[in-house]
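K.L.:
Below are the structure tokens for one structure; questions will follow.
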Amino acid sequence: MKYFRTFPWGMQLLMFLLMIITMLGVGQFSILYYLAHFTTYTLPQLAALDDKSPLTLVHTSLVVNGVLSLFMFLSSALLFAYFTTPRPAAYLGLRAPGKKTQPMLAVLVMLGAMPLLQLIETGMSLINFGPSVKAEQAISENTMNAFLNMPTFGNFLLTFTMVAIVPAFGEELFFRGVMMRFAKKRSRTMVLPVLFTSVVFAYAHANPYGLLSIFLAGVLLAVIYYLTGSLWCSIAAHLSFNGFQIVMSYLASISGVVKRFSDNRSTPVYMVIAGAVLFSISFYLLLKNKTPLPDDWAEDFTAAELLEKAD
């Protein structure tokens with residue numbers, strides 16, 4: 001088998017883009033087949049989703065979003081890594097953390113950053129970007145509000161799986177596992193790979209008011225991956241970031257105390273301060289316990305393989 005890693009950088013990038021297009025096409029076909037044969041809903045109905053939509057429509061939309069994420073992000077990254085190298089897991093960064101405390105510290109870093117990121121998104125929503133952006137944001141918010149309507153534990157499990165677990169794995173493998181490697185091959189430092197993948201990561205979420213906060217979250221996830229040398233740590237951080245709001249929304253549906261707290265749309269100052277303290281301590285400890293990616297981490301061949309080729 002001739003692996004993609006034997007091809008030039010540009011050819012590898014072209015193969016990756018073709019892989020994305022192919023998997024996106026397969027995902028879209030699967031979605032249309034699912035809608036036509038297993039539901040009574042159409043794509044325009046899914047686009048008009050809000051918190052008053054029937055639960056069956058919400059569940060259908062969750063499955064559609066999950067399937068699209070599985071094919072576009074997860075399958076594209078896994079298949080590309082499989083055809084690129086004989087060690088796809090190592091290529092994607094799926095190695096054990098350098099230290100046992102790193103996954104927990106990565107989670108605490110993201111949870112500590114959440115209040116400030118939410119405050120930034122709230123501040124962005126006060127800026128008038130025009131009617132088209134406002135309409136796009138309304139669609140995004142209506143969809144998320146519908147997803148967070150979880151009257152039963154089964155609804156919670158479905159939402160948590162499709163909105164937290166699937167994107168955490170798929171997007172980390174796609175953006176940090178593959179795309180960041182491509183960017184690093186054209187950069188001597190980590191600045192360009194981190195910034196580039198974070199910009200694309202933010203744009204892919206189609207959340208105009210959350211663009212800056214998602215970009216900053218992407219930067220943190222990339223830095224976590226670099227400092228720990230393990231994509232499992234950035235997956236854990238991503239999962240906690242996505243999952244926290246889902247858990248809080250479900251608890252609000254069964255607890256009046258949590259509901260009164262979550263109904264407060266503004267981010268309290270004390271939460272931002274507490275989050276900043278948690279973030280600072282956790283990030284400091286992560287730096288103290290870092291096991292960063294080696295300088296040649298993005299190379300297609302290991303040093304041993306290059307010596308074998310030279311001999």
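Here, A, B, ... name the chains of the structure tokens in the order displayed, residue numbers run from 1 inside each chain, and ligands are numbered from 1 in the same displayed order.
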So which residues touch Ala236 in chain A within 9 Å, counting only C-alpha atoms, skipping near sequence neighbours fewer than 6 positions away, as a ChimeraX atom specification?

P.N.:
/A:103-104,106-107,168-169

K.L.:
Could you give me the residues within range 67-279 of chain A that DSSP places in helix (DSSP H, G or I), as a ChimeraX atom specification?

P.N.:
/A:67-84,88-91,102-125,131-147,153-184,191-204,208-228,231-254,256-262,269-279

K.L.:
Restricting the calculation to only C-alpha atoms, which member of A:Val166, A:Leu212, A:Leu286, A:Met114 is positioned closest to Ile273 in chain A?

P.N.:
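So, comparing all the options, the nearest one is A:Met114.
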
K.L.:
Looking at only C-alpha atoms, which of A:Leu126, A:Leu62, A:Leu18, A:Leu105 is the one that sits closest to Phe160 in chain A?

P.N.:
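Of all the options, A:Leu62 lies closest to Phe160 in chain A.
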
K.L.:
Separation of CA of Ala146 in chain A and CA of Lys134 in chain A, in Å?

P.N.:
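These two atoms are separated by 18.2 Å.
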
K.L.:
Applying 9 Å and only C-alpha atoms, which residues near range 47-52 of chain A remain after dropping the ones on its own chain fewer than 6 positions away? List them as a PDB file with C-alpha atoms, in the first residue's frame.

P.N.:
```
ATOM      1  CA  VAL A  58     -35.812  17.925  17.644  1.00  0.00           C
ATOM      2  CA  SER A  61     -32.436  17.246  13.899  1.00  0.00           C
ATOM      3  CA  ILE A 139     -31.401  30.359  13.567  1.00  0.00           C
ATOM      4  CA  GLU A 141     -29.893  30.176  18.869  1.00  0.00           C
ATOM      5  CA  ASN A 142     -33.291  28.647  18.048  1.00  0.00           C
ATOM      6  CA  THR A 143     -31.635  25.365  17.126  1.00  0.00           C
ATOM      7  CA  MET A 144     -29.573  25.252  20.314  1.00  0.00           C
ATOM      8  CA  ASN A 145     -32.593  26.166  22.476  1.00  0.00           C
ATOM      9  CA  ALA A 146     -34.490  23.287  20.871  1.00  0.00           C
ATOM     10  CA  PHE A 147     -31.619  20.882  21.549  1.00  0.00           C
ATOM     11  CA  LEU A 148     -31.478  21.982  25.190  1.00  0.00           C
ATOM     12  CA  ASN A 149     -35.163  21.137  25.700  1.00  0.00           C
TER      13      ASN A 149
END
```

K.L.:
Just the number, please: distance in Å from CA of Asn207 in chain A to CA of Pro131 in chain A, one decimal.

P.N.:
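A separation of 14.4 Å between them.
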
K.L.:
Neighbours of Ala113 in chain A within 12 Å (only C-alpha atoms; same-chain residues fewer than 2 positions away dropped), as a ChimeraX atom specification?

P.N.:
/A:106-111,115-120,213-214,216-221,237-238,240-241,271-283

K.L.:
Listing only residues of range 167-271 of chain A within 6 Å of range 84-100 of chain A, what is the closest atom pair and its distance in Å (to one decimal) for each, using only C-alpha atoms, sorted by chain and residue number ascending, as a tab-separated table?

P.N.:
```
residue	atom	partner	partner_atom	distance
A:Gly177	CA	A:Leu92	CA	4.4
A:Ser230	CA	A:Pro97	CA	5.2
A:Leu231	CA	A:Gly93	CA	5.0
```

K.L.:
Can you write out the residues you just picked, keeping C-alpha atoms, as a JSON list (two decimals), in the first residue's frame?

P.N.:
```json
[["chain", "number", "residue", "atom", "x", "y", "z"],
["A", 177, "GLY", "CA", -5.30, 16.01, 14.61],
["A", 230, "SER", "CA", -1.96, 14.11, 23.56],
["A", 231, "LEU", "CA", -5.14, 14.72, 21.61]]
```

K.L.:
Excluding range 288-299 of chain A and residues on its chain fewer than 3 positions from it, collect all residues at most 9 Å away from it, counting only C-alpha atoms, and give them as a list in words.

P.N.:
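With the cut-off at 9 Å, the set is Tyr91, Pro97, Gly98, Lys99, Thr101, Gln102, Met180, Arg181, Phe182, Ala183, Lys184, Lys185, Arg188, Thr189, Tyr225, Tyr226, Leu227, Thr228, Gly229, Ser230, Phe283, Tyr284, Leu285, Thr302 and Ala303 of chain A.
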
K.L.:
Measuring atom to atom with only C-alpha atoms, identify which of A:Gly25, A:Pro193, A:Gly130, A:Pro54 is nearest to Pro208 in chain A.

P.N.:
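The shortest atom-to-atom distance to Pro208 in chain A comes from A:Gly130.
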
K.L.:
Set the distance at 12 Å and use only C-alpha atoms: which residues neighbour Phe71 in chain A once local chain neighbours fewer than 4 positions away are removed? I'd like the list as a VMD selection string.

P.N.:
chain A and resid 19 to 31 64 to 67 75 to 79 166 to 167 169 to 171 174

K.L.:
What is the CA of Pro8 in chain A to CA of Ala204 in chain A distance in Å?

P.N.:
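Between these atoms lies a distance of 26.8 Å.
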